[in-house]
$ cat input-v7.cif   # mmCIF, C-alpha atoms and all ligand atoms
data_coords
#
loop_
_atom_site.label_atom_id
_atom_site.label_comp_id
_atom_site.auth_asym_id
_atom_site.auth_seq_id
_atom_site.Cartn_x
_atom_site.Cartn_y
_atom_site.Cartn_z
CA MET A 1 12.78 -15.15 2.00
CA ASN A 2 10.59 -13.89 4.78
CA PRO A 3 7.19 -12.79 3.51
CA ILE A 4 6.15 -10.89 6.61
CA ASN A 5 9.14 -8.64 6.20
CA ASP A 6 10.06 -8.75 2.52
CA TYR A 7 6.60 -7.95 1.24
CA LEU A 8 6.74 -4.63 3.08
CA LYS A 9 9.46 -3.30 0.80
CA GLY A 10 8.28 -0.33 -1.23
CA THR A 11 5.26 0.14 1.03
CA VAL A 12 5.03 1.06 4.69
CA LYS A 13 8.63 0.06 5.24
CA GLU A 14 9.79 3.19 3.42
CA LEU A 15 7.72 5.53 5.61
CA GLN A 16 9.41 8.07 7.83
CA GLY A 17 7.93 8.49 11.28
CA GLU A 18 7.53 11.88 12.87
CA LYS A 19 10.82 12.94 14.42
CA ALA A 20 8.91 14.91 17.06
CA PHE A 21 7.78 11.60 18.53
CA THR A 22 11.29 10.12 18.31
CA TYR A 23 12.72 13.02 20.31
CA LEU A 24 9.96 12.66 22.88
CA ALA A 25 11.16 9.10 23.50
CA LYS A 26 14.84 10.14 23.51
CA ALA A 27 14.13 12.88 26.06
CA ARG A 28 12.34 10.41 28.33
CA GLU A 29 15.24 8.00 28.10
CA ILE A 30 17.80 10.69 29.01
CA THR A 31 15.70 11.93 31.92
CA GLU A 32 15.66 8.40 33.31
CA ARG A 33 19.34 7.73 32.64
CA LYS A 34 20.81 11.05 33.76
CA GLY A 35 18.10 12.45 36.00
CA ILE A 36 18.39 15.90 34.35
CA LYS A 37 15.50 18.21 33.72
CA ILE A 38 14.83 18.28 30.01
CA ILE A 39 13.42 21.42 28.43
CA SER A 40 11.59 20.44 25.31
CA PHE A 41 10.93 22.71 22.36
CA GLY A 42 10.06 19.54 20.48
CA ILE A 43 6.54 18.32 20.13
CA GLY A 44 3.82 20.54 18.75
CA GLN A 45 1.04 20.62 21.25
CA PRO A 46 -0.31 23.27 23.61
CA ASP A 47 0.97 22.73 27.14
CA LEU A 48 -2.40 23.55 28.72
CA PRO A 49 -4.90 20.79 29.40
CA THR A 50 -8.17 20.71 27.45
CA PHE A 51 -10.52 23.38 28.79
CA ASP A 52 -12.83 22.35 31.63
CA ASN A 53 -16.14 22.94 29.87
CA ILE A 54 -15.04 20.56 27.12
CA ILE A 55 -13.96 17.91 29.60
CA ASN A 56 -17.32 18.27 31.38
CA ALA A 57 -19.18 17.74 28.12
CA ALA A 58 -17.26 14.50 27.61
CA LYS A 59 -18.14 13.44 31.16
CA ARG A 60 -21.79 14.09 30.44
CA ALA A 61 -21.52 11.99 27.28
CA LEU A 62 -20.14 9.17 29.41
CA ASP A 63 -22.84 9.59 32.06
CA GLU A 64 -25.44 9.37 29.33
CA LYS A 65 -23.63 6.24 28.08
CA PHE A 66 -23.05 7.77 24.69
CA THR A 67 -20.44 5.12 24.01
CA GLY A 68 -21.40 3.33 20.81
CA TYR A 69 -20.50 3.73 17.16
CA THR A 70 -21.84 6.86 15.51
CA GLU A 71 -22.43 7.72 11.86
CA THR A 72 -19.14 7.39 9.95
CA GLU A 73 -19.27 11.04 8.92
CA GLY A 74 -19.76 12.15 12.53
CA ILE A 75 -22.87 13.10 14.48
CA LYS A 76 -25.10 15.70 12.86
CA GLU A 77 -24.78 18.15 15.75
CA LEU A 78 -21.03 18.24 15.30
CA ARG A 79 -21.12 18.57 11.53
CA GLU A 80 -23.57 21.44 11.97
CA ALA A 81 -21.31 23.08 14.54
CA ILE A 82 -18.31 22.75 12.21
CA ALA A 83 -20.24 24.19 9.27
CA ASP A 84 -21.45 27.08 11.47
CA TYR A 85 -17.91 27.80 12.62
CA LEU A 86 -16.56 27.85 9.07
CA ASN A 87 -19.45 29.93 7.82
CA TYR A 88 -19.24 32.43 10.66
CA ARG A 89 -15.51 32.76 10.29
CA TYR A 90 -15.06 32.42 6.53
CA HIS A 91 -18.51 33.07 5.02
CA ALA A 92 -17.93 29.81 3.20
CA GLY A 93 -21.48 28.49 2.72
CA VAL A 94 -20.43 25.02 3.95
CA ARG A 95 -23.31 22.58 4.45
CA PRO A 96 -23.16 19.89 7.15
CA ASP A 97 -23.23 17.20 4.45
CA GLU A 98 -20.01 18.64 3.05
CA VAL A 99 -18.21 17.81 6.29
CA ILE A 100 -16.77 14.50 7.42
CA VAL A 101 -15.52 14.31 11.00
CA THR A 102 -12.29 12.32 11.32
CA THR A 103 -9.98 10.92 13.97
CA GLY A 104 -7.76 14.01 13.90
CA THR A 105 -6.69 16.30 11.10
CA LYS A 106 -4.08 13.76 10.19
CA THR A 107 -6.77 11.27 9.28
CA ALA A 108 -8.48 13.93 7.18
CA ILE A 109 -5.17 14.39 5.33
CA PHE A 110 -4.89 10.62 4.99
CA LEU A 111 -8.38 10.34 3.48
CA ALA A 112 -7.72 13.15 1.00
CA ILE A 113 -4.45 11.67 -0.20
CA ALA A 114 -5.68 8.08 -0.20
CA ALA A 115 -8.69 9.07 -2.27
CA TYR A 116 -6.76 10.92 -4.94
CA VAL A 117 -3.10 9.98 -5.19
CA ARG A 118 -2.36 7.15 -7.62
CA PRO A 119 0.97 5.68 -8.75
CA GLY A 120 2.99 8.17 -10.74
CA ASP A 121 1.03 11.23 -9.56
CA GLU A 122 3.07 14.22 -8.53
CA VAL A 123 2.08 16.32 -5.53
CA ILE A 124 3.68 19.73 -5.10
CA ILE A 125 4.64 20.47 -1.51
CA PRO A 126 6.23 23.67 -0.25
CA ASP A 127 9.50 22.76 1.49
CA PRO A 128 9.97 22.46 4.47
CA THR A 129 6.78 20.62 5.37
CA TYR A 130 4.80 18.76 7.95
CA PRO A 131 5.81 15.20 7.01
CA ALA A 132 2.40 13.54 6.63
CA TYR A 133 1.74 14.96 3.14
CA PRO A 134 4.85 13.62 1.41
CA GLU A 135 4.91 10.35 3.34
CA LEU A 136 1.33 9.47 2.50
CA THR A 137 1.86 10.59 -1.09
CA LYS A 138 4.72 8.11 -1.37
CA LEU A 139 2.71 5.34 0.27
CA PHE A 140 0.12 5.58 -2.49
CA GLY A 141 2.77 5.50 -5.20
CA GLY A 142 2.90 9.23 -5.80
CA LYS A 143 5.91 11.49 -5.88
CA PRO A 144 6.29 14.52 -3.65
CA ILE A 145 7.71 17.45 -5.59
CA TYR A 146 9.30 19.77 -3.07
CA VAL A 147 9.44 23.45 -3.85
CA ALA A 148 11.67 25.42 -1.48
CA MET A 149 10.07 28.33 0.28
CA LYS A 150 11.90 31.64 0.22
CA PHE A 151 13.47 32.82 3.45
CA ASP A 152 14.54 36.27 4.37
CA PRO A 153 15.30 37.08 8.02
CA GLU A 154 13.36 40.36 7.65
CA ASP A 155 10.37 39.11 5.67
CA GLY A 156 10.19 35.50 6.86
CA PHE A 157 9.13 32.46 4.87
CA ARG A 158 7.14 32.91 1.66
CA LEU A 159 5.80 30.64 -1.03
CA ASP A 160 7.87 30.65 -4.20
CA LEU A 161 4.94 30.84 -6.58
CA GLU A 162 7.04 31.05 -9.71
CA ALA A 163 8.92 27.91 -8.75
CA ILE A 164 5.63 26.20 -7.90
CA GLU A 165 4.25 26.99 -11.34
CA ASN A 166 7.49 25.91 -13.00
CA SER A 167 7.39 22.55 -11.27
CA ILE A 168 4.01 21.59 -12.72
CA THR A 169 4.14 18.71 -15.19
CA PRO A 170 1.43 16.64 -16.90
CA ARG A 171 1.67 14.26 -13.92
CA THR A 172 0.95 16.89 -11.30
CA LYS A 173 -2.27 16.18 -9.48
CA ALA A 174 -2.28 18.37 -6.40
CA ILE A 175 -0.66 21.19 -4.46
CA VAL A 176 -0.57 21.11 -0.67
CA ILE A 177 -0.88 24.26 1.39
CA ASN A 178 -0.62 24.39 5.15
CA ASN A 179 -1.44 27.85 6.45
CA PRO A 180 -0.42 28.99 9.11
CA HIS A 181 2.58 26.87 8.43
CA ASN A 182 4.33 24.15 10.39
CA PRO A 183 7.36 24.20 10.83
CA THR A 184 8.17 27.79 9.84
CA GLY A 185 5.43 29.69 11.69
CA ALA A 186 4.68 31.61 8.49
CA VAL A 187 1.25 32.96 7.67
CA PHE A 188 0.98 33.32 3.93
CA ARG A 189 -0.37 36.58 2.64
CA PRO A 190 -3.86 36.49 1.09
CA GLU A 191 -2.41 37.53 -2.27
CA GLU A 192 0.07 34.63 -2.15
CA VAL A 193 -2.72 32.17 -1.43
CA THR A 194 -4.96 33.66 -4.10
CA LYS A 195 -2.18 33.36 -6.66
CA LEU A 196 -1.59 29.74 -5.65
CA LEU A 197 -5.30 29.05 -6.14
CA GLU A 198 -5.19 30.67 -9.57
CA ILE A 199 -2.27 28.48 -10.58
CA ALA A 200 -4.14 25.39 -9.38
CA LYS A 201 -7.23 26.40 -11.32
CA ASP A 202 -5.28 27.16 -14.48
CA TYR A 203 -3.68 23.73 -14.46
CA LYS A 204 -6.74 21.87 -13.13
CA LEU A 205 -5.02 20.73 -9.95
CA LEU A 206 -6.47 19.81 -6.59
CA VAL A 207 -5.50 21.87 -3.57
CA VAL A 208 -5.11 20.00 -0.31
CA VAL A 209 -5.49 22.55 2.47
CA ASP A 210 -4.48 22.15 6.11
CA GLU A 211 -5.56 25.07 8.29
CA ILE A 212 -5.20 23.40 11.67
CA TYR A 213 -3.45 26.51 13.05
CA ASP A 214 -6.07 28.95 11.74
CA ASN A 215 -6.58 30.47 15.19
CA PHE A 216 -2.87 30.83 15.94
CA VAL A 217 -2.29 34.06 14.09
CA TYR A 218 -0.39 36.84 15.80
CA GLU A 219 -0.69 39.70 13.30
CA SER A 220 -4.42 40.00 12.86
CA SER A 221 -4.50 41.37 9.33
CA THR A 222 -2.38 38.70 7.67
CA PHE A 223 -4.44 35.51 7.60
CA ARG A 224 -7.39 34.74 5.33
CA GLY A 225 -8.80 31.24 5.11
CA ILE A 226 -9.00 29.50 1.77
CA LEU A 227 -12.73 28.90 2.09
CA GLU A 228 -13.13 32.66 2.30
CA LEU A 229 -10.71 33.49 -0.49
CA GLU A 230 -12.21 31.01 -2.93
CA PRO A 231 -16.00 30.88 -3.28
CA GLU A 232 -15.50 28.08 -5.83
CA TRP A 233 -13.70 25.84 -3.32
CA ARG A 234 -16.03 22.95 -4.09
CA ASN A 235 -14.47 22.53 -7.53
CA TYR A 236 -10.96 21.66 -6.41
CA VAL A 237 -10.30 22.10 -2.69
CA LEU A 238 -9.96 19.39 -0.04
CA TYR A 239 -9.99 21.34 3.20
CA THR A 240 -8.78 19.94 6.53
CA ASN A 241 -8.81 21.34 10.03
CA GLY A 242 -9.25 20.04 13.58
CA PHE A 243 -9.60 20.50 17.30
CA SER A 244 -6.14 19.49 18.52
CA LYS A 245 -4.52 22.89 18.62
CA THR A 246 -7.32 25.47 18.98
CA PHE A 247 -8.88 23.71 21.98
CA SER A 248 -5.80 21.84 23.18
CA MET A 249 -7.39 18.50 22.35
CA THR A 250 -4.50 16.56 20.81
CA GLY A 251 -5.33 13.32 22.60
CA TRP A 252 -9.03 13.33 21.70
CA ARG A 253 -8.35 12.66 18.02
CA LEU A 254 -10.85 14.91 16.34
CA GLY A 255 -10.55 16.67 13.01
CA TYR A 256 -12.51 17.13 9.80
CA LEU A 257 -12.43 17.24 6.06
CA VAL A 258 -14.59 19.57 3.99
CA ALA A 259 -15.20 19.04 0.30
CA SER A 260 -18.03 18.96 -2.19
CA ARG A 261 -20.83 16.46 -1.56
CA GLU A 262 -19.72 14.27 -4.48
CA VAL A 263 -16.35 13.83 -2.83
CA ILE A 264 -17.58 13.34 0.72
CA ASP A 265 -19.77 10.39 -0.31
CA PRO A 266 -16.98 8.07 -1.50
CA ILE A 267 -14.59 9.34 1.15
CA ARG A 268 -17.15 8.32 3.76
CA LYS A 269 -16.91 4.78 2.43
CA LEU A 270 -13.14 4.89 2.73
CA ALA A 271 -13.52 6.09 6.32
CA ALA A 272 -16.11 3.39 7.07
CA ASN A 273 -13.66 0.76 5.88
CA THR A 274 -10.81 2.26 7.88
CA TYR A 275 -12.00 3.37 11.32
CA SER A 276 -15.84 3.20 11.20
CA CYS A 277 -16.38 6.52 12.95
CA PRO A 278 -14.64 9.09 15.12
CA PRO A 279 -14.82 8.52 18.91
CA SER A 280 -18.36 9.20 20.16
CA ILE A 281 -17.26 10.90 23.37
CA ALA A 282 -14.79 13.17 21.62
CA GLN A 283 -17.52 14.22 19.20
CA ARG A 284 -19.76 15.44 22.02
CA ALA A 285 -16.76 17.29 23.42
CA GLY A 286 -16.21 18.81 19.97
CA VAL A 287 -19.76 20.19 19.88
CA GLU A 288 -19.17 21.89 23.22
CA ALA A 289 -15.79 23.22 22.06
CA LEU A 290 -17.26 24.93 19.02
CA ARG A 291 -20.61 26.00 20.45
CA SER A 292 -19.65 27.37 23.82
CA GLU A 293 -18.33 30.86 24.41
CA ALA A 294 -16.33 29.48 27.37
CA SER A 295 -14.05 27.39 25.19
CA TRP A 296 -13.48 30.22 22.71
CA ARG A 297 -12.62 32.51 25.62
CA SER A 298 -10.10 29.98 26.93
CA SER A 299 -8.71 29.46 23.45
CA ARG A 300 -8.24 33.18 22.88
CA ALA A 301 -6.52 33.53 26.25
CA MET A 302 -4.21 30.63 25.38
CA ILE A 303 -3.31 32.20 22.05
CA GLU A 304 -2.60 35.55 23.74
CA LEU A 305 -0.28 33.67 26.06
CA PHE A 306 1.43 32.10 23.08
CA ARG A 307 1.90 35.50 21.49
CA ARG A 308 3.85 36.65 24.54
CA ARG A 309 5.87 33.45 24.54
CA ARG A 310 6.67 33.95 20.89
CA ASP A 311 8.01 37.41 21.66
CA VAL A 312 10.09 36.08 24.54
CA MET A 313 11.50 33.29 22.40
CA TYR A 314 12.31 35.66 19.58
CA GLU A 315 14.08 38.14 21.84
CA GLU A 316 16.09 35.39 23.49
CA LEU A 317 17.04 33.68 20.23
CA ARG A 318 18.14 36.95 18.71
CA LYS A 319 20.84 37.26 21.36
CA ILE A 320 22.58 34.11 20.15
CA PRO A 321 25.29 34.85 17.64
CA GLY A 322 25.10 32.87 14.41
CA ILE A 323 21.31 32.37 14.46
CA ASP A 324 19.16 33.92 11.72
CA VAL A 325 15.78 34.10 13.33
CA TRP A 326 12.55 35.60 12.11
CA ARG A 327 9.64 36.36 14.45
CA SER A 328 7.06 33.88 13.24
CA THR A 329 3.52 35.19 12.73
CA GLY A 330 1.51 32.00 13.16
CA ALA A 331 1.25 28.47 14.58
CA PHE A 332 3.55 28.07 17.61
CA TYR A 333 6.92 27.45 16.06
CA MET A 334 10.07 29.30 15.22
CA TYR A 335 12.35 27.97 12.53
CA PRO A 336 15.73 29.68 12.87
CA ARG A 337 18.58 29.11 10.46
CA VAL A 338 21.59 27.78 12.33
CA ARG A 339 23.97 27.16 9.42
CA LYS A 340 26.75 29.35 10.84
CA ILE A 341 26.56 27.57 14.19
CA LEU A 342 26.69 24.15 12.54
CA ASP A 343 29.72 25.19 10.48
CA GLY A 344 31.40 26.51 13.63
CA LEU A 345 30.76 23.28 15.51
CA GLY A 346 31.49 21.02 12.55
CA MET A 347 28.22 19.15 13.03
CA ASN A 348 25.23 18.41 10.89
CA VAL A 349 21.85 19.46 12.22
CA ASP A 350 20.91 15.98 13.48
CA GLN A 351 24.17 15.73 15.41
CA PHE A 352 23.54 19.22 16.75
CA ALA A 353 20.07 18.28 18.03
CA ASP A 354 21.40 15.09 19.64
CA TRP A 355 24.33 16.94 21.18
CA LEU A 356 22.05 19.59 22.68
CA LEU A 357 19.79 16.97 24.17
CA GLU A 358 22.53 14.73 25.51
CA ASN A 359 24.71 17.49 26.99
CA TYR A 360 22.39 20.41 27.70
CA GLY A 361 19.02 18.73 28.18
CA VAL A 362 17.33 20.79 25.46
CA VAL A 363 15.12 19.32 22.76
CA VAL A 364 15.03 21.14 19.43
CA LEU A 365 13.93 19.33 16.31
CA PRO A 366 16.41 19.21 13.45
CA GLY A 367 15.05 20.73 10.26
CA THR A 368 15.62 17.35 8.63
CA ALA A 369 12.40 16.29 10.37
CA PHE A 370 10.64 18.53 7.84
CA SER A 371 12.83 18.56 4.76
CA GLU A 372 15.45 16.58 2.91
CA THR A 373 17.07 19.70 1.41
CA ASN A 374 18.86 22.75 2.80
CA MET A 375 15.46 23.93 4.00
CA GLY A 376 15.96 21.21 6.60
CA ARG A 377 19.72 20.87 6.92
CA ASP A 378 20.26 24.50 7.90
CA TYR A 379 17.40 24.93 10.37
CA VAL A 380 15.94 23.79 13.68
CA ARG A 381 12.34 24.00 14.84
CA LEU A 382 11.42 25.23 18.29
CA SER A 383 7.90 25.12 19.66
CA PHE A 384 6.99 27.98 22.00
CA ALA A 385 4.07 26.11 23.55
CA LEU A 386 5.74 26.05 26.95
CA ASP A 387 6.09 28.25 30.00
CA GLU A 388 7.90 31.58 29.58
CA GLU A 389 10.45 30.78 32.28
CA LEU A 390 11.22 27.46 30.62
CA ILE A 391 11.64 29.20 27.27
CA LYS A 392 14.16 31.56 28.86
CA GLU A 393 16.03 28.79 30.59
CA GLY A 394 16.04 26.54 27.53
CA ILE A 395 17.34 29.25 25.21
CA ASP A 396 19.90 30.20 27.81
CA ARG A 397 21.19 26.63 27.75
CA LEU A 398 21.27 26.81 23.97
CA ARG A 399 23.24 30.05 24.09
CA LYS A 400 25.74 28.59 26.54
CA ALA A 401 26.16 25.50 24.38
CA VAL A 402 26.77 27.53 21.26
CA GLU A 403 29.07 30.07 22.91
CA LYS A 404 31.25 27.29 24.19
C1 LIG A 501 0.28 21.02 10.10
C2 LIG A 501 -0.36 19.96 10.91
N1 LIG A 501 -1.37 19.25 10.40
C3 LIG A 501 -1.95 18.27 11.08
C4 LIG A 501 -1.53 17.93 12.35
C5 LIG A 501 -2.19 16.77 13.04
O1 LIG A 501 -3.20 17.19 13.86
P1 LIG A 501 -4.25 16.20 14.52
O2 LIG A 501 -3.84 16.07 15.95
O3 LIG A 501 -5.56 16.92 14.37
O4 LIG A 501 -4.23 14.93 13.79
C6 LIG A 501 -0.48 18.64 12.93
C7 LIG A 501 0.01 18.28 14.26
O5 LIG A 501 1.08 18.61 14.67
C8 LIG A 501 0.12 19.68 12.19
O6 LIG A 501 1.14 20.38 12.68
#

$ encode --input "input-v7.cif" --output "C-alpha cells"
Amino acid sequence: MNPINDYLKGTVKELQGEKAFTYLAKAREITERKGIKIISFGIGQPDLPTFDNIINAAKRALDEKFTGYTETEGIKELREAIADYLNYRYHAGVRPDEVIVTTGTKTAIFLAIAAYVRPGDEVIIPDPTYPAYPELTKLFGGKPIYVAMKFDPEDGFRLDLEAIENSITPRTKAIVINNPHNPTGAVFRPEEVTKLLEIAKDYKLLVVVDEIYDNFVYESSTFRGILELEPEWRNYVLYTNGFSKTFSMTGWRLGYLVASREVIDPIRKLAANTYSCPPSIAQRAGVEALRSEASWRSSRAMIELFRRRRDVMYEELRKIPGIDVWRSTGAFYMYPRVRKILDGLGMNVDQFADWLLENYGVVVLPGTAFSETNMGRDYVRLSFALDEELIKEGIDRLRKAVEK
C-alpha cells in the first residue's frame, strides 16, 4: 500500500494527456538520435511568432512594472476589450462583468466543466474531439457520451443531430460544441448549430461552447458564432474563446469564459482558488491584441496564408492513393481517412504514425488522439500551420512511404 500512488486511482491517474505533446517529445528525441530533419504536422499552433505590436505592449507593461496580481476576473480594460470584440463581431450584448479572463481557453473549459459536472452526469461530445472536454468530464465523475460525426468526402464532417438527440438521457447535463472544429477542420453550418441549440433548450441542457478558431474560417459565409445565433445565450451557454490562435499567442496563456453574471460570480471564486488571476503582462498584451488595428491586420494576413497552405495540403494529399481527404473549411487541420492505407500496411493508426516518424521523419497525429472509436482509428490529423514548402516535402515523404 502506497498512498501517494494508490490514492490517485480513479482520479488524475486515469487522465489521458494530449498526444500532440507526446509526439512533440518523440520528434525531438528522434532528431537528436538520428539527426534527421523532422517535418511536423503535429501540434496545433501557428508557426509565426506573436505580432510585434503585441510584444511591444508586453514590454511596456514590464517597463511600467505591471507585474503584480490583478483582479481574478482579469483587468477591466481587457474585459471591456473582449466584450467589445464579441459585440462588434456577434452583436451579442456581452457586458464586461459577464467575462472572466483565464489562463488560456483550456482553463476556461476547465472552469466550466469543474463548475457543472458532478458524478454520474453525462456530457454529450461530438466524436472525434479535442480531448480536454471528455478528460475533464471524467475527472469530475461525469461520463462523456460520444456521438460520431458524419463524414462524407464531398461534404465533410457534420454533426449528427438525430444521434445527439437520441443519446440524451435523464442524466445528460451538457452538450459540447467546438466550432470551427478541432481535429476535423469542419465549420458547422448555422442551421446545424441552431438545431443543436434548440435540442439543448428543449431538454434543458447546458451548452459548452469553444470557438477558439472563430477567425480561422476559409469560406466566409459558413460560420456564425453562437452568441450571434442565440440571443438567449445567458440562459444556458458557457462560451469560451482565447488569444492563442488568432494572435499566435499560445505561450502567453490567455483565454476567457463568457456566461451570465450569476455564473461568473461563483466561477470567479473557483478561479481565485485555483490560479488567482491570469498573468498581468499577458493581459496588457491582450488589450493591445484586441484593440489595435495592427494586430488584426497581421492576424488576417496570417489566416490568408493559412488558406493557401490548406489548399496546398489538400492538393498534395489528394494525390496519395488510399486517402479520403476533404478540404477543411476552418481551424488549421485536415483529418483524412486512411483506413485503406492502414489495411494495406497491416498497421493500426498508432503504429502508422510511429512508423512515419521513425522512418520518414514526418509527424502526423493518429486519430486515436481525438477518439476511441473508428472516428479515431481510421483517421490522422495534419496541421497546416507550417511553411508551404515544408507541407509539400512532408506530404511527399508520406506519399513515398505509402507507395512503398
Ligand atoms: C479546440 C481547442 N480548444 C482549446 C484549445 C486550448 O487553447 P489555449 O491555448 O487557449 O488554452 C485548443 C488548443 O489547441 C484547441 O484546439

$ closest_residue --input "input-v7.cif" --among "A:Ile212, A:Leu290, A:Ile199, A:Leu342" --to "ligand LIG 501 (chain A)" --atoms "only C-alpha atoms and all ligand atoms"
A:Ile212

$ residues_near_point --input "input-v7.cif" --point "(-1.7, 23.6, 16.1)" --cutoff "9 Å" --atoms "all atoms listed in the file" --output "list in words"
Gly44, Gln45, Pro46, Pro180, Asn182, Glu211, Ile212, Tyr213, Asp214, Asn215, Phe216, Gly242, Phe243, Ser244, Lys245, Thr246, Ser248, Thr250, Ala331 and Phe332 of chain A

$ residues_around --input "input-v7.cif" --residues "A:Tyr314" --least-positions-apart "5" --cutoff "12 Å" --atoms "all atoms listed in the file" --output "ChimeraX atom specification"
/A:306-309,319-320,323-329,332-336,382-384,388,391-392,395

$ atom_distance --input "input-v7.cif" --atom1 "atom CA of A:Pro128" --atom2 "atom CA of A:Leu390"
26.7 Å

$ residues_near_point --input "input-v7.cif" --point "(2.8, 19.7, 5.9)" --cutoff "9 Å" --atoms "all atoms listed in the file" --output "number ranges by chain"
A: 125-134, 176-178, 181-183, 210, 370

$ write_last_selection --input "input-v7.cif" --atoms "C-alpha atoms" --output "PDB file, keeping the file's coordinate frame"
ATOM      1  CA  ILE A 125       4.640  20.470  -1.510  1.00  0.00           C
ATOM      2  CA  PRO A 126       6.230  23.670  -0.250  1.00  0.00           C
ATOM      3  CA  ASP A 127       9.500  22.760   1.490  1.00  0.00           C
ATOM      4  CA  PRO A 128       9.970  22.460   4.470  1.00  0.00           C
ATOM      5  CA  THR A 129       6.780  20.620   5.370  1.00  0.00           C
ATOM      6  CA  TYR A 130       4.800  18.760   7.950  1.00  0.00           C
ATOM      7  CA  PRO A 131       5.810  15.200   7.010  1.00  0.00           C
ATOM      8  CA  ALA A 132       2.400  13.540   6.630  1.00  0.00           C
ATOM      9  CA  TYR A 133       1.740  14.960   3.140  1.00  0.00           C
ATOM     10  CA  PRO A 134       4.850  13.620   1.410  1.00  0.00           C
ATOM     11  CA  VAL A 176      -0.570  21.110  -0.670  1.00  0.00           C
ATOM     12  CA  ILE A 177      -0.880  24.260   1.390  1.00  0.00           C
ATOM     13  CA  ASN A 178      -0.620  24.390   5.150  1.00  0.00           C
ATOM     14  CA  HIS A 181       2.580  26.870   8.430  1.00  0.00           C
ATOM     15  CA  ASN A 182       4.330  24.150  10.390  1.00  0.00           C
ATOM     16  CA  PRO A 183       7.360  24.200  10.830  1.00  0.00           C
ATOM     17  CA  ASP A 210      -4.480  22.150   6.110  1.00  0.00           C
ATOM     18  CA  PHE A 370      10.640  18.530   7.840  1.00  0.00           C
TER      19      PHE A 370
END

$ atom_distance --input "input-v7.cif" --atom1 "atom CA of A:Gly346" --atom2 "atom CA of A:Glu358"
17.0 Å

$ decode --input "input-v7.cif" --residues "stretch 74-127 of chain A" --atoms "C-alpha atoms" --output "PDB file, in the first residue's frame"
ATOM      1  CA  GLY A  74      -8.937  39.995 -15.337  1.00  0.00           C
ATOM      2  CA  ILE A  75      -8.280  43.717 -15.653  1.00  0.00           C
ATOM      3  CA  LYS A  76     -11.260  45.844 -16.601  1.00  0.00           C
ATOM      4  CA  GLU A  77      -9.634  47.170 -19.774  1.00  0.00           C
ATOM      5  CA  LEU A  78      -9.253  43.643 -21.084  1.00  0.00           C
ATOM      6  CA  ARG A  79     -12.753  42.521 -20.155  1.00  0.00           C
ATOM      7  CA  GLU A  80     -14.072  45.620 -21.912  1.00  0.00           C
ATOM      8  CA  ALA A  81     -11.968  44.875 -24.977  1.00  0.00           C
ATOM      9  CA  ILE A  82     -13.244  41.277 -25.051  1.00  0.00           C
ATOM     10  CA  ALA A  83     -16.863  42.392 -24.685  1.00  0.00           C
ATOM     11  CA  ASP A  84     -16.365  44.974 -27.463  1.00  0.00           C
ATOM     12  CA  TYR A  85     -14.866  42.346 -29.749  1.00  0.00           C
ATOM     13  CA  LEU A  86     -17.740  39.930 -29.174  1.00  0.00           C
ATOM     14  CA  ASN A  87     -20.330  42.654 -29.544  1.00  0.00           C
ATOM     15  CA  TYR A  88     -18.786  44.068 -32.703  1.00  0.00           C
ATOM     16  CA  ARG A  89     -18.439  40.645 -34.235  1.00  0.00           C
ATOM     17  CA  TYR A  90     -21.535  38.869 -32.919  1.00  0.00           C
ATOM     18  CA  HIS A  91     -23.890  41.644 -31.752  1.00  0.00           C
ATOM     19  CA  ALA A  92     -24.041  39.670 -28.535  1.00  0.00           C
ATOM     20  CA  GLY A  93     -24.695  42.386 -25.931  1.00  0.00           C
ATOM     21  CA  VAL A  94     -21.957  40.970 -23.664  1.00  0.00           C
ATOM     22  CA  ARG A  95     -21.140  43.119 -20.636  1.00  0.00           C
ATOM     23  CA  PRO A  96     -17.613  43.213 -19.178  1.00  0.00           C
ATOM     24  CA  ASP A  97     -18.922  41.680 -15.952  1.00  0.00           C
ATOM     25  CA  GLU A  98     -20.055  38.652 -17.947  1.00  0.00           C
ATOM     26  CA  VAL A  99     -16.444  37.910 -18.898  1.00  0.00           C
ATOM     27  CA  ILE A 100     -13.776  36.151 -16.880  1.00  0.00           C
ATOM     28  CA  VAL A 101     -10.256  36.185 -18.303  1.00  0.00           C
ATOM     29  CA  THR A 102      -8.450  32.863 -17.839  1.00  0.00           C
ATOM     30  CA  THR A 103      -5.030  31.326 -18.294  1.00  0.00           C
ATOM     31  CA  GLY A 104      -5.869  30.074 -21.787  1.00  0.00           C
ATOM     32  CA  THR A 105      -9.061  28.744 -23.306  1.00  0.00           C
ATOM     33  CA  LYS A 106      -8.252  25.419 -21.744  1.00  0.00           C
ATOM     34  CA  THR A 107      -8.628  26.912 -18.299  1.00  0.00           C
ATOM     35  CA  ALA A 108     -11.953  28.418 -19.337  1.00  0.00           C
ATOM     36  CA  ILE A 109     -13.061  24.915 -20.368  1.00  0.00           C
ATOM     37  CA  PHE A 110     -11.754  23.585 -17.063  1.00  0.00           C
ATOM     38  CA  LEU A 111     -13.740  26.150 -15.064  1.00  0.00           C
ATOM     39  CA  ALA A 112     -16.939  25.436 -16.985  1.00  0.00           C
ATOM     40  CA  ILE A 113     -16.689  21.685 -16.502  1.00  0.00           C
ATOM     41  CA  ALA A 114     -15.487  21.877 -12.910  1.00  0.00           C
ATOM     42  CA  ALA A 115     -18.378  24.156 -12.021  1.00  0.00           C
ATOM     43  CA  TYR A 116     -21.075  21.967 -13.508  1.00  0.00           C
ATOM     44  CA  VAL A 117     -20.121  18.329 -13.940  1.00  0.00           C
ATOM     45  CA  ARG A 118     -20.953  16.118 -10.972  1.00  0.00           C
ATOM     46  CA  PRO A 119     -20.625  12.342 -10.540  1.00  0.00           C
ATOM     47  CA  GLY A 120     -22.968  10.469 -12.835  1.00  0.00           C
ATOM     48  CA  ASP A 121     -23.608  13.428 -15.164  1.00  0.00           C
ATOM     49  CA  GLU A 122     -23.471  12.696 -18.863  1.00  0.00           C
ATOM     50  CA  VAL A 123     -21.891  15.145 -21.280  1.00  0.00           C
ATOM     51  CA  ILE A 124     -22.561  14.720 -24.993  1.00  0.00           C
ATOM     52  CA  ILE A 125     -19.472  15.260 -27.122  1.00  0.00           C
ATOM     53  CA  PRO A 126     -19.319  15.062 -30.905  1.00  0.00           C
ATOM     54  CA  ASP A 127     -16.697  12.464 -31.850  1.00  0.00           C
TER      55      ASP A 127
END
